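Structure data follow from input01.txt (compact mmCIF, C-alpha atoms):
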```txt
# COMPACT_ATOMS: atom_id res chain seq x y z
CA MET A 821 -17.35 19.70 2.25
CA ILE A 822 -16.23 17.58 -0.64
CA GLU A 823 -16.02 13.84 -0.99
CA PHE A 824 -13.16 12.03 -2.67
CA HIS A 825 -13.48 9.22 -5.17
CA LEU A 826 -10.68 7.00 -6.37
CA ASP A 827 -10.25 5.66 -9.84
CA GLY A 828 -9.28 2.05 -9.23
CA HIS A 829 -7.94 1.66 -12.75
CA SER A 830 -5.87 4.80 -12.72
CA ARG A 831 -2.11 4.48 -12.35
CA VAL A 832 -2.07 7.96 -10.85
CA ALA A 833 -0.81 7.62 -7.27
CA THR A 834 -3.59 7.68 -4.71
CA TYR A 835 -2.29 10.80 -2.92
CA MET A 836 -2.07 12.57 -6.27
CA GLN A 837 -5.68 11.66 -7.04
CA VAL A 838 -6.69 13.35 -3.78
CA VAL A 839 -4.52 16.40 -4.61
CA GLN A 840 -6.03 16.61 -8.08
CA GLN A 841 -9.57 16.34 -6.78
CA VAL A 842 -9.03 19.16 -4.30
CA LYS A 843 -7.51 21.32 -7.06
CA GLN A 844 -10.36 20.44 -9.38
CA ALA A 845 -12.85 21.52 -6.71
CA LEU A 846 -10.86 24.75 -6.24
CA ARG A 847 -10.74 25.44 -9.96
CA THR A 848 -14.43 24.93 -10.44
CA GLY A 849 -15.20 27.02 -7.36
CA LEU A 850 -16.85 24.08 -5.56
CA ILE A 851 -14.76 25.00 -2.52
CA GLY A 852 -12.99 28.22 -1.68
CA PRO A 853 -11.03 30.00 1.05
CA GLY A 854 -12.25 29.14 4.55
CA ASP A 855 -13.80 25.82 3.57
CA GLN A 856 -12.66 22.75 5.47
CA LEU A 857 -11.34 19.62 3.80
CA PRO A 858 -12.59 16.26 5.10
CA LYS A 859 -10.67 15.02 8.16
CA VAL A 860 -7.80 12.61 7.50
CA ARG A 861 -9.48 9.88 9.50
CA GLU A 862 -12.73 10.27 7.54
CA VAL A 863 -11.00 10.07 4.18
CA ALA A 864 -8.87 7.08 5.24
CA GLU A 865 -11.95 5.28 6.48
CA SER A 866 -14.33 6.05 3.63
CA LEU A 867 -11.81 5.18 0.89
CA ALA A 868 -10.10 2.40 2.87
CA ILE A 869 -6.71 4.01 2.23
CA ASN A 870 -3.62 4.59 4.32
CA PRO A 871 -4.05 7.73 6.48
CA ASN A 872 -0.44 8.63 5.62
CA THR A 873 -1.55 8.92 1.99
CA VAL A 874 -4.17 11.50 2.94
CA LEU A 875 -1.64 13.35 5.11
CA LYS A 876 0.77 13.39 2.19
CA ALA A 877 -1.88 14.82 -0.13
CA TYR A 878 -2.81 17.53 2.36
CA ARG A 879 0.87 18.33 2.97
CA GLU A 880 1.41 18.68 -0.76
CA LEU A 881 -1.53 21.08 -0.97
CA GLU A 882 -0.13 22.99 2.00
CA ILE A 883 3.29 23.29 0.33
CA GLU A 884 1.56 24.67 -2.74
CA GLY A 885 -0.07 27.26 -0.50
CA LEU A 886 -3.61 26.14 -1.21
CA VAL A 887 -4.60 24.90 2.23
CA GLU A 888 -3.52 25.33 5.82
CA GLY A 889 -3.55 22.72 8.59
CA ARG A 890 -4.74 23.97 11.96
CA PRO A 891 -3.58 21.50 14.59
CA GLY A 892 -6.45 19.77 16.32
CA VAL A 893 -9.03 21.47 14.12
CA GLY A 894 -8.56 20.42 10.53
CA THR A 895 -7.34 21.50 7.14
CA PHE A 896 -8.75 24.64 5.56
CA VAL A 897 -8.62 26.15 2.10
CA THR A 898 -6.61 29.36 1.99
CA ARG A 899 -6.56 30.19 -1.69
CA SER A 900 -8.85 29.83 -4.64
CA LEU A 901 -7.86 28.44 -8.00
CA ALA A 902 -10.94 29.65 -9.81
CA GLY A 903 -10.14 32.60 -12.02
CA PRO A 904 -6.98 33.07 -14.06
CA SER A 905 -6.51 29.34 -14.55
CA LEU A 906 -10.07 28.99 -15.84
CA ALA A 907 -9.34 31.62 -18.46
CA ALA A 908 -6.06 29.95 -19.38
CA GLN A 909 -7.87 26.67 -19.64
CA ALA A 910 -10.37 28.03 -22.09
CA ALA A 911 -7.58 29.28 -24.36
CA LEU A 912 -5.64 26.03 -24.06
CA ARG A 913 -8.76 24.08 -24.81
CA ARG A 914 -9.31 26.07 -28.00
CA GLY A 915 -5.72 25.37 -29.01
CA LEU A 916 -6.19 21.69 -28.27
CA GLU A 917 -9.37 21.54 -30.31
CA GLY A 918 -7.51 23.02 -33.25
CA TRP A 919 -4.68 20.53 -32.81
CA LEU A 920 -7.14 17.63 -32.61
CA ARG A 921 -8.82 18.77 -35.81
CA ARG A 922 -5.42 18.77 -37.54
CA ALA A 923 -4.63 15.33 -36.10
CA ARG A 924 -7.90 13.95 -37.46
CA ALA A 925 -7.32 15.55 -40.82
CA ALA A 926 -3.90 13.86 -40.85
CA GLY A 927 -5.66 10.51 -40.44
CA LEU A 928 -5.08 9.80 -36.72
CA GLU A 929 -7.69 7.68 -34.99
CA ARG A 930 -8.75 8.29 -31.42
CA GLU A 931 -6.31 5.64 -30.12
CA ASP A 932 -3.46 7.13 -32.16
CA VAL A 933 -4.10 10.50 -30.57
CA VAL A 934 -4.21 9.04 -27.05
CA ALA A 935 -0.95 7.15 -27.67
CA LEU A 936 0.73 10.27 -29.03
CA VAL A 937 -0.47 12.42 -26.14
CA GLU A 938 0.66 9.85 -23.57
CA THR A 939 4.14 9.42 -25.02
CA THR A 940 4.56 13.18 -25.34
CA LEU A 941 3.29 13.73 -21.80
CA ARG A 942 5.74 11.17 -20.51
CA ALA A 943 8.64 12.68 -22.41
CA THR A 944 7.72 16.20 -21.36
CA PHE A 945 7.01 15.62 -17.69
CA GLN A 946 9.51 12.90 -16.89
CA GLN A 947 12.56 14.57 -18.31
CA PRO A 948 12.26 18.20 -17.33
CA ALA A 949 16.06 18.61 -17.16
CA GLN A 950 16.59 17.44 -20.72
CA PRO A 951 14.10 19.10 -23.01
CA ASP A 952 16.09 17.82 -25.99
CA ALA A 953 15.74 14.25 -24.80
CA ALA A 954 12.74 13.75 -26.99
CA ARG A 955 14.29 10.56 -28.29
CA GLY A 956 11.36 9.14 -26.33
CA GLU A 957 10.70 5.79 -24.86
CA ILE A 958 8.07 4.92 -27.37
CA ALA A 959 8.27 5.79 -30.98
CA MET B 304 16.79 9.18 15.26
CA THR B 305 13.39 7.58 15.49
CA THR B 306 13.00 4.04 16.72
CA ALA B 307 11.65 1.49 14.28
CA ALA B 308 8.23 0.04 15.12
CA LEU B 309 9.59 -3.40 14.32
CA GLU B 310 13.22 -4.23 13.81
CA THR B 311 14.77 -7.64 13.25
CA SER B 312 18.39 -8.58 12.83
CA GLY B 313 19.44 -11.93 11.43
CA LEU B 314 16.16 -13.29 12.74
CA GLY B 315 15.53 -17.01 12.15
CA LYS B 316 13.14 -19.70 13.32
CA GLN B 317 13.81 -23.37 12.88
CA TYR B 318 11.30 -26.21 13.18
CA GLY B 319 13.24 -29.47 13.26
CA ARG B 320 15.54 -29.23 10.26
CA THR B 321 13.46 -26.67 8.41
CA TRP B 322 14.03 -22.96 8.67
CA ALA B 323 10.61 -21.30 8.52
CA LEU B 324 12.39 -17.95 8.55
CA ARG B 325 16.06 -17.15 8.23
CA ASP B 326 18.44 -14.20 7.98
CA CYS B 327 15.55 -11.80 8.34
CA SER B 328 16.82 -8.26 8.85
CA LEU B 329 14.40 -5.41 8.48
CA ALA B 330 13.31 -2.16 10.08
CA LEU B 331 9.77 -0.88 9.70
CA PRO B 332 9.24 2.81 10.41
CA ALA B 333 6.96 3.91 13.23
CA GLY B 334 3.62 5.14 11.94
CA GLY B 335 3.93 3.13 8.74
CA ILE B 336 1.57 0.50 7.42
CA SER B 337 3.56 -2.43 6.10
CA ALA B 338 2.32 -5.23 3.89
CA LEU B 339 3.80 -8.64 4.54
CA VAL B 340 3.24 -10.81 1.48
CA GLY B 341 4.44 -14.12 0.17
CA PRO B 342 3.16 -17.59 -0.70
CA ASN B 343 1.80 -19.95 1.92
CA GLY B 344 4.62 -21.29 4.05
CA ALA B 345 6.92 -18.35 3.26
CA GLY B 346 7.29 -17.45 6.93
CA LYS B 347 4.74 -14.64 7.31
CA SER B 348 2.96 -16.05 10.37
CA THR B 349 6.28 -17.06 11.89
CA LEU B 350 7.60 -13.50 11.61
CA LEU B 351 4.44 -12.10 13.22
CA HIS B 352 4.52 -14.70 16.01
CA LEU B 353 8.15 -13.81 16.73
CA ALA B 354 7.26 -10.12 16.80
CA ILE B 355 4.55 -10.59 19.40
CA GLY B 356 6.61 -13.03 21.42
CA LEU B 357 4.40 -16.07 20.80
CA GLN B 358 7.55 -17.86 19.60
CA ARG B 359 11.21 -17.51 20.46
CA PRO B 360 13.79 -16.91 17.76
CA SER B 361 16.21 -19.73 16.89
CA ALA B 362 18.63 -17.09 15.67
CA GLY B 363 18.97 -13.32 15.64
CA SER B 364 16.84 -10.79 17.46
CA VAL B 365 13.55 -8.94 17.21
CA ARG B 366 12.73 -5.55 18.75
CA VAL B 367 9.45 -3.68 19.01
CA PHE B 368 10.05 0.05 19.48
CA GLY B 369 13.52 -0.90 20.61
CA GLU B 370 12.36 -3.36 23.28
CA PRO B 371 12.08 -7.17 23.37
CA PRO B 372 8.53 -8.30 22.46
CA ALA B 373 7.78 -9.48 26.00
CA ALA B 374 8.35 -5.97 27.35
CA MET B 375 5.98 -4.45 24.78
CA ILE B 376 3.13 -6.93 25.08
CA ASP B 377 0.76 -4.23 26.40
CA ARG B 378 1.46 -2.03 23.39
CA VAL B 379 1.10 -4.59 20.61
CA GLY B 380 -2.24 -5.65 19.18
CA PHE B 381 -2.55 -8.91 17.31
CA VAL B 382 -5.28 -10.25 15.05
CA ALA B 383 -4.49 -13.88 14.33
CA GLN B 384 -5.30 -15.79 11.19
CA ASP B 385 -9.02 -16.65 10.89
CA THR B 386 -9.63 -14.28 13.82
CA PRO B 387 -10.09 -16.96 16.50
CA LEU B 388 -12.40 -15.88 19.32
CA TYR B 389 -14.25 -17.71 22.06
CA ARG B 390 -17.28 -18.53 19.97
CA ASP B 391 -19.77 -18.88 22.85
CA PHE B 392 -18.94 -15.43 24.19
CA THR B 393 -20.81 -12.37 23.04
CA ALA B 394 -18.92 -9.31 21.80
CA ALA B 395 -19.83 -7.51 25.04
CA GLU B 396 -18.37 -10.39 27.08
CA LEU B 397 -15.19 -10.37 25.02
CA VAL B 398 -14.80 -6.63 25.61
CA GLU B 399 -15.25 -7.22 29.36
CA MET B 400 -12.73 -10.04 29.25
CA GLY B 401 -10.28 -7.74 27.48
CA ARG B 402 -10.74 -5.17 30.24
CA ARG B 403 -9.83 -7.72 32.90
CA LEU B 404 -6.90 -9.19 31.03
CA ASN B 405 -5.22 -6.00 29.86
CA ARG B 406 -3.62 -3.20 31.78
CA ARG B 407 -4.38 -0.76 29.00
CA TRP B 408 -7.93 -1.08 27.81
CA ASP B 409 -10.42 1.33 26.25
CA GLY B 410 -13.82 -0.33 26.63
CA ASP B 411 -15.68 2.81 25.52
CA LEU B 412 -13.74 2.81 22.26
CA ALA B 413 -14.57 -0.87 21.75
CA HIS B 414 -18.30 -0.35 22.30
CA GLU B 415 -18.35 2.72 20.09
CA ARG B 416 -16.56 0.88 17.27
CA LEU B 417 -18.81 -2.16 17.48
CA ARG B 418 -21.85 0.13 17.36
CA GLN B 419 -20.45 1.93 14.29
CA VAL B 420 -19.89 -1.27 12.35
CA GLY B 421 -23.25 -2.68 13.45
CA VAL B 422 -22.09 -5.73 15.38
CA PRO B 423 -24.74 -6.94 17.88
CA LEU B 424 -23.24 -7.02 21.37
CA ASP B 425 -25.48 -9.74 22.78
CA ARG B 426 -25.03 -12.62 20.33
CA PRO B 427 -22.39 -15.32 20.67
CA VAL B 428 -19.65 -14.37 18.21
CA GLY B 429 -19.82 -17.91 16.78
CA LYS B 430 -23.21 -16.92 15.38
CA LEU B 431 -21.95 -13.74 13.70
CA SER B 432 -20.94 -13.50 10.05
CA GLY B 433 -17.25 -13.86 9.15
CA GLY B 434 -17.05 -10.13 8.46
CA GLN B 435 -18.60 -9.27 11.84
CA ARG B 436 -16.27 -11.67 13.65
CA ALA B 437 -13.29 -10.04 11.96
CA GLN B 438 -14.60 -6.64 13.09
CA VAL B 439 -14.87 -7.92 16.67
CA ALA B 440 -11.28 -9.23 16.54
CA LEU B 441 -10.06 -5.89 15.14
CA THR B 442 -11.98 -3.97 17.80
CA LEU B 443 -10.46 -6.07 20.59
CA ALA B 444 -6.98 -5.44 19.17
CA LEU B 445 -7.60 -1.68 18.85
CA ALA B 446 -9.09 -1.42 22.36
CA LYS B 447 -5.58 -2.01 23.74
CA ARG B 448 -4.67 1.25 21.99
CA PRO B 449 -1.60 -0.48 20.60
CA ARG B 450 1.41 1.32 19.19
CA LEU B 451 1.95 -1.60 16.86
CA LEU B 452 -0.86 -3.66 15.37
CA LEU B 453 -0.08 -6.98 13.72
CA LEU B 454 -2.66 -8.67 11.53
CA ASP B 455 -2.21 -12.14 10.07
CA GLU B 456 -4.31 -12.65 6.93
CA PRO B 457 -7.26 -10.84 8.49
CA VAL B 458 -9.32 -10.59 5.30
CA ALA B 459 -8.42 -13.85 3.55
CA SER B 460 -11.72 -15.57 4.25
CA LEU B 461 -13.98 -12.54 3.79
CA ASP B 462 -16.15 -11.64 0.82
CA PRO B 463 -15.23 -8.45 -1.07
CA LEU B 464 -17.71 -6.23 0.76
CA ALA B 465 -16.71 -7.49 4.21
CA ARG B 466 -13.06 -7.11 3.16
CA ARG B 467 -13.58 -3.49 2.23
CA GLU B 468 -15.50 -2.78 5.42
CA PHE B 469 -12.71 -4.37 7.42
CA LEU B 470 -10.02 -2.30 5.69
CA GLN B 471 -12.13 0.85 6.17
CA ALA B 472 -12.44 0.12 9.88
CA LEU B 473 -8.72 -0.63 10.08
CA MET B 474 -7.64 2.55 8.28
CA GLY B 475 -10.01 4.70 10.33
CA GLY B 476 -8.92 2.92 13.50
CA VAL B 477 -5.23 3.61 13.07
CA ALA B 478 -5.55 7.15 11.63
CA ASP B 479 -5.97 9.14 14.83
CA GLU B 480 -3.01 7.83 16.78
CA GLY B 481 -0.70 6.97 13.91
CA THR B 482 -0.60 3.33 14.96
CA SER B 483 2.09 1.30 13.19
CA VAL B 484 0.65 -1.67 11.33
CA VAL B 485 2.01 -4.86 9.81
CA LEU B 486 -0.58 -6.63 7.73
CA SER B 487 0.03 -10.00 6.13
CA SER B 488 -2.07 -10.90 3.14
CA HIS B 489 -1.91 -12.59 -0.18
CA LEU B 490 -4.68 -10.45 -1.58
CA LEU B 491 -2.36 -8.05 -3.32
CA GLY B 492 -5.01 -5.90 -4.89
CA ASP B 493 -6.17 -4.70 -1.48
CA LEU B 494 -2.74 -3.66 -0.36
CA GLU B 495 -1.62 -1.01 -2.80
CA ARG B 496 -3.72 1.76 -1.29
CA VAL B 497 -3.41 0.57 2.24
CA CYS B 498 0.30 0.00 2.72
CA ASP B 499 3.27 2.32 2.46
CA HIS B 500 5.91 -0.36 3.03
CA LEU B 501 6.33 -3.77 1.52
CA ILE B 502 8.01 -6.92 2.76
CA VAL B 503 7.97 -9.90 0.42
CA LEU B 504 8.88 -13.16 2.09
CA ASN B 505 9.72 -16.09 -0.13
CA ASP B 506 10.90 -19.44 1.09
CA GLY B 507 11.68 -18.17 4.56
CA ARG B 508 13.71 -15.17 3.42
CA VAL B 509 13.11 -11.50 2.84
CA GLN B 510 13.10 -11.02 -0.92
CA VAL B 511 11.82 -7.47 -1.32
CA LEU B 512 11.86 -4.71 1.27
CA GLY B 513 11.16 -1.05 0.83
CA ALA B 514 8.77 1.88 0.65
CA VAL B 515 5.97 1.11 -1.80
CA GLU B 516 6.30 4.44 -3.55
CA ALA B 517 10.04 4.02 -4.12
CA LEU B 518 9.60 0.45 -5.31
CA ILE B 519 6.90 1.45 -7.79
CA ALA B 520 9.04 4.34 -9.00
CA GLU B 521 12.10 2.22 -9.79
CA HIS B 522 10.33 -0.62 -11.57
CA ARG B 523 8.92 -0.64 -15.12
CA LEU B 524 7.62 -3.16 -17.56
CA LEU B 525 9.33 -2.88 -20.95
CA THR B 526 7.82 -4.57 -23.97
CA GLY B 527 9.42 -4.83 -27.38
CA PRO B 528 10.30 -7.12 -30.23
CA TYR B 529 11.88 -10.53 -29.64
CA PRO B 530 14.82 -11.29 -29.80
CA ASP B 531 15.93 -7.68 -29.50
CA SER B 532 17.99 -7.15 -26.34
CA PRO B 533 18.02 -3.49 -25.45
CA ASP B 534 20.68 -1.58 -23.56
CA LEU B 535 19.04 -1.23 -20.16
CA GLY B 536 21.52 1.25 -18.73
CA GLY B 537 21.84 0.36 -15.05
CA ALA B 538 18.52 -1.45 -14.83
CA THR B 539 18.38 -5.12 -13.89
CA VAL B 540 15.83 -7.59 -15.15
CA VAL B 541 13.56 -9.06 -12.46
CA ARG B 542 11.53 -11.25 -14.77
CA GLU B 543 11.49 -11.72 -18.50
CA SER B 544 9.07 -13.54 -20.71
CA HIS B 545 8.91 -14.07 -24.44
CA THR B 546 6.53 -14.95 -27.17
CA ASP B 547 7.80 -15.72 -30.68
CA ARG B 548 7.63 -11.97 -31.46
CA GLN B 549 7.67 -10.11 -28.20
CA THR B 550 9.85 -9.70 -25.14
CA SER B 551 8.49 -8.44 -21.81
CA LEU B 552 10.98 -7.31 -19.19
CA LEU B 553 10.11 -6.24 -15.69
CA VAL B 554 13.12 -4.18 -14.65
CA ARG B 555 14.38 -2.65 -11.44
CA GLY B 556 16.48 0.49 -11.35
CA TYR B 557 14.58 2.15 -14.18
CA ASP B 558 16.12 5.44 -15.20
CA PRO B 559 14.99 7.11 -18.43
CA GLY B 560 18.35 8.90 -18.73
CA PRO B 561 20.80 6.13 -19.72
CA LEU B 562 18.08 3.80 -21.02
CA ARG B 563 18.33 3.37 -24.80
CA LEU B 564 15.33 1.64 -26.28
CA GLY B 565 14.54 1.06 -29.92
CA PRO B 566 11.44 2.65 -31.41
CA GLN B 567 9.39 -0.50 -31.02
CA TRP B 568 9.83 -0.61 -27.26
CA THR B 569 7.14 0.57 -24.85
CA VAL B 570 7.53 1.49 -21.18
CA HIS B 571 4.68 0.67 -18.79
CA ASP B 572 4.26 1.60 -15.14
CA VAL B 573 3.78 -1.36 -12.85
CA SER B 574 1.31 -1.89 -10.04
CA LEU B 575 2.35 -3.26 -6.68
CA GLU B 576 0.67 -6.50 -7.66
CA ASP B 577 2.69 -6.79 -10.92
CA LEU B 578 5.84 -6.13 -8.96
CA VAL B 579 5.21 -8.67 -6.22
CA LEU B 580 4.18 -11.37 -8.68
CA ALA B 581 7.29 -10.80 -10.77
CA TYR B 582 9.53 -11.29 -7.75
CA LEU B 583 7.64 -14.30 -6.47
CA ALA B 584 7.93 -15.88 -9.92
CA ASN B 585 11.68 -15.40 -9.87
CA GLY B 586 13.04 -16.42 -6.51
CA SER B 587 16.59 -15.47 -7.43
CA ALA B 588 15.76 -11.78 -7.86
CA GLY B 589 15.68 -9.48 -4.89
CA ALA B 590 15.02 -5.84 -4.09
CA LEU B 591 16.47 -4.95 -0.75
CA PRO B 592 18.31 -1.84 0.30
CA GLY B 593 21.18 -4.05 -0.96
CA PRO B 594 21.03 -6.84 -3.52
CA VAL B 595 20.00 -10.28 -2.34
CA ASP B 596 20.05 -13.71 -3.83
CA ILE B 597 17.54 -16.16 -2.54
CA THR B 598 18.11 -19.02 -4.90
CA PRO B 599 15.87 -21.80 -3.55
CA ARG B 600 17.93 -24.01 -1.33
CA ARG B 601 17.68 -27.75 -1.05
CA GLU B 602 16.29 -29.10 2.17
CA ALA B 603 18.36 -31.93 3.61
CA ARG B 604 16.20 -35.00 3.57
CA THR B 605 17.24 -38.32 4.95
```

Translate the structure described by the file into structure tokens.
Amino acid sequence: MIEFHLDGHSRVATYMQVVQQVKQALRTGLIGPGDQLPKVREVAESLAINPNTVLKAYRELEIEGLVEGRPGVGTFVTRSLAGPSLAAQAALRRGLEGWLRRARAAGLEREDVVALVETTLRATFQQPAQPDAARGEIA
Amino acid sequence: MTTAALETSGLGKQYGRTWALRDCSLALPAGGISALVGPNGAGKSTLLHLAIGLQRPSAGSVRVFGEPPAAMIDRVGFVAQDTPLYRDFTAAELVEMGRRLNRRWDGDLAHERLRQVGVPLDRPVGKLSGGQRAQVALTLALAKRPRLLLLDEPVASLDPLARREFLQALMGGVADEGTSVVLSSHLLGDLERVCDHLIVLNDGRVQVLGAVEALIAEHRLLTGPYPDSPDLGGATVVRESHTDRQTSLLVRGYDPGPLRLGPQWTVHDVSLEDLVLAYLANGSAGALPGPVDITPRREART
């Protein structure tokens, strides 16, 4: 069984934090197929959050085919995320390290890098239909 | 079509010449947890009292699961402001009293809950801490197994730990049966994770109404150079503030498509608290399923 923690300063929606933590646990192999997720009531109570938020997170995970709700019993993991994604992560991380080295060499401070990453993330993930819309909201 | 847990239409309540609440039309979905916020005197308690039938409307109507409040009294739990209880009674006596006064009553649930939160059953509730008294009041409301639970500022007088424990007990208590909840509070920070719907009352009127997620998604804070005035596309300004160099705009109807901002502009997400405060600071802005104008009216004084 895993336990959820919320980042009070994060602007990531609460349900998404729960989704991400389940996926993180799946990626790292902390939980795998057959394992049960904490009951909705338990999560709502321990985190003092709306039970509908927990339901939404679990539904999202179910839609993604990672877990399965068994009525009256609970929610169970059906698929693992450990494996191919770990390998991909290692390669991506190496690429990112190289990029960060170039950014530093170009004179970017830590805050500059964070700002650049955040604006690019926003542009990339908020406007999927318009990949050319990189006019951006922040320059 | 599902019936709303609480639905009002043109609801108003007048005390003498003053309207404590007017033109209040809203529908809160069953199973939702709604936050009712607004300054003191905005009409929050009045709306809750009308919903439970403690007061009669001066205008309009109120329905609980499609029925008049009086017909639903067995299915509505209410925790009043400052959680008033008979202070000389013990928690056990209050549970027994609840059993005798209510047709629907789950005494086992009440005892189990009180045990879980560590409230002694044999002490007069007047001698309990504020947090424990609030837990007793919540337990008594939940023991009715209500379909709709109304709470009027239940955590206002509690310290942060007791507040969290109360919200934990509340969220756990409503999880199993999908109880609909309306919770009034002016502690905005507590509400963002707890509530999925928002009602902002200001000056007796509904100023903002909607699903929290949708409201957060359509609002942004834009900051940029003053006196630049950007093309906001279809977005409307809820509140703007300036320094000699900078403009801050909290906008509704944010859409990155048509929005054209100069390179010096930054877009920030807003929290529920930012959003509520922006509306309360600007009484003429509204966010309802349709636009509203609640320009403060003048009270007739003679």

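Considering the residues B:Gly315, B:Pro372, B:Pro342, B:Gly476 and counting all atoms listed in the file, chain A has its shortest atom-to-atom contact with B:Gly476.
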
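Note that the spacing between CA of Pro853 in chain A and CA of Thr898 in chain A amounts to 4.6 Å.
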
**Asked** Within 12 Å of (-6.2, 10.7, -27.9), in the coordinates the file gives, what residues turn up when you count all atoms listed in the file, written out as a VMD selection string?
**Response** chain A and resid 916 to 917 919 to 921 923 to 924 928 to 941

Neighbour list for Asp462 in chain B as a PDB file with C-alpha atoms, in the frame of the given file, cut-off 12 Å, all atoms listed in the file, skip fewer than 3 positions in-chain:
```pdb
ATOM      1  CA  SER B 432     -20.940 -13.500  10.050  1.00  0.00           C
ATOM      2  CA  GLY B 433     -17.250 -13.860   9.150  1.00  0.00           C
ATOM      3  CA  GLY B 434     -17.050 -10.130   8.460  1.00  0.00           C
ATOM      4  CA  GLN B 435     -18.600  -9.270  11.840  1.00  0.00           C
ATOM      5  CA  ALA B 437     -13.290 -10.040  11.960  1.00  0.00           C
ATOM      6  CA  PRO B 457      -7.260 -10.840   8.490  1.00  0.00           C
ATOM      7  CA  VAL B 458      -9.320 -10.590   5.300  1.00  0.00           C
ATOM      8  CA  ALA B 459      -8.420 -13.850   3.550  1.00  0.00           C
ATOM      9  CA  ALA B 465     -16.710  -7.490   4.210  1.00  0.00           C
ATOM     10  CA  ARG B 466     -13.060  -7.110   3.160  1.00  0.00           C
ATOM     11  CA  ARG B 467     -13.580  -3.490   2.230  1.00  0.00           C
ATOM     12  CA  GLU B 468     -15.500  -2.780   5.420  1.00  0.00           C
ATOM     13  CA  PHE B 469     -12.710  -4.370   7.420  1.00  0.00           C
ATOM     14  CA  LEU B 490      -4.680 -10.450  -1.580  1.00  0.00           C
TER      15      LEU B 490
END
```

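Coordinates place CA of Arg879 in chain A at a distance of 17.9 Å from CA of Ile851 in chain A.
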
**Prompt:** Distance CA of Val839 in chain A-CA of Asp577 in chain B, one decimal place?
**Reply:** 25.1 Å

**Item:** Check: which chain B residues lie within 6 Å of chain A using all atoms listed in the file, as a PyMOL selection string
**Value:** chain B and resi 470-471+474-475+478+496-497+566+568-569

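Each of B:Gly429, B:Pro332, B:Gly356, B:Gly344 was compared to Thr386 in chain B using only C-alpha atoms, and B:Gly429 turns out to be the nearest.
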
Starting from 5 Å padding per side, set up an axis-aligned box that covers all listed atoms of range 504-518 of chain B and hand over centre and edge lengths in Å, one decimal, as lines of an AutoDock Vina configuration file.
```
center_x = 9.8
center_y = -7.5
center_z = -0.4
size_x = 17.7
size_y = 33.9
size_z = 19.9
```

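Omitting Val477 in chain B and its sequence neighbours fewer than 5 positions away, and counting all atoms listed in the file, the residues within 10 Å are Arg861, Ala864, Glu865, Asn870 and Pro871 of chain A; Gly334, Ile336, Leu445, Arg448, Pro449, Arg450, Leu451, Leu452, Ala472, Thr482, Ser483 and Val484 of chain B.
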
Atoms to include: C-alpha atoms. Write the selected residues as a PDB file, in the coordinates of the input.
```
ATOM      1  CA  ARG A 861      -9.480   9.880   9.500  1.00  0.00           C
ATOM      2  CA  ALA A 864      -8.870   7.080   5.240  1.00  0.00           C
ATOM      3  CA  GLU A 865     -11.950   5.280   6.480  1.00  0.00           C
ATOM      4  CA  ASN A 870      -3.620   4.590   4.320  1.00  0.00           C
ATOM      5  CA  PRO A 871      -4.050   7.730   6.480  1.00  0.00           C
TER       6      PRO A 871
ATOM      7  CA  GLY B 334       3.620   5.140  11.940  1.00  0.00           C
ATOM      8  CA  ILE B 336       1.570   0.500   7.420  1.00  0.00           C
ATOM      9  CA  LEU B 445      -7.600  -1.680  18.850  1.00  0.00           C
ATOM     10  CA  ARG B 448      -4.670   1.250  21.990  1.00  0.00           C
ATOM     11  CA  PRO B 449      -1.600  -0.480  20.600  1.00  0.00           C
ATOM     12  CA  ARG B 450       1.410   1.320  19.190  1.00  0.00           C
ATOM     13  CA  LEU B 451       1.950  -1.600  16.860  1.00  0.00           C
ATOM     14  CA  LEU B 452      -0.860  -3.660  15.370  1.00  0.00           C
ATOM     15  CA  ALA B 472     -12.440   0.120   9.880  1.00  0.00           C
ATOM     16  CA  THR B 482      -0.600   3.330  14.960  1.00  0.00           C
ATOM     17  CA  SER B 483       2.090   1.300  13.190  1.00  0.00           C
ATOM     18  CA  VAL B 484       0.650  -1.670  11.330  1.00  0.00           C
TER      19      VAL B 484
END
```

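With all atoms listed in the file as the basis for measurement, A:Lys859 is the residue among A:Lys859, A:Ala845, A:Gly918, A:Val838 that approaches Pro891 in chain A most closely.
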
Add whatever atoms are absent from range 551-556 of chain B to reach N, CA and C atoms, and provide the output as an mmCIF file, keeping the file's coordinate frame.
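Output file result-v3.cif follows:
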```cif
data_model
loop_
_atom_site.group_PDB
_atom_site.id
_atom_site.type_symbol
_atom_site.label_atom_id
_atom_site.label_comp_id
_atom_site.auth_asym_id
_atom_site.auth_seq_id
_atom_site.Cartn_x
_atom_site.Cartn_y
_atom_site.Cartn_z
ATOM 1 N N SER B 551 8.955 -9.285 -22.908
ATOM 2 C CA SER B 551 8.490 -8.440 -21.810
ATOM 3 C C SER B 551 9.516 -8.516 -20.688
ATOM 4 N N LEU B 552 9.976 -7.365 -20.255
ATOM 5 C CA LEU B 552 10.980 -7.310 -19.190
ATOM 6 C C LEU B 552 10.459 -6.467 -18.054
ATOM 7 N N LEU B 553 10.384 -7.065 -16.857
ATOM 8 C CA LEU B 553 10.110 -6.240 -15.690
ATOM 9 C C LEU B 553 11.463 -5.886 -15.084
ATOM 10 N N VAL B 554 11.775 -4.594 -15.067
ATOM 11 C CA VAL B 554 13.120 -4.180 -14.650
ATOM 12 C C VAL B 554 13.083 -3.355 -13.378
ATOM 13 N N ARG B 555 14.166 -3.474 -12.624
ATOM 14 C CA ARG B 555 14.380 -2.650 -11.440
ATOM 15 C C ARG B 555 15.493 -1.659 -11.760
ATOM 16 N N GLY B 556 15.441 -0.499 -11.134
ATOM 17 C CA GLY B 556 16.480 0.490 -11.350
ATOM 18 C C GLY B 556 16.226 1.280 -12.625
#
```
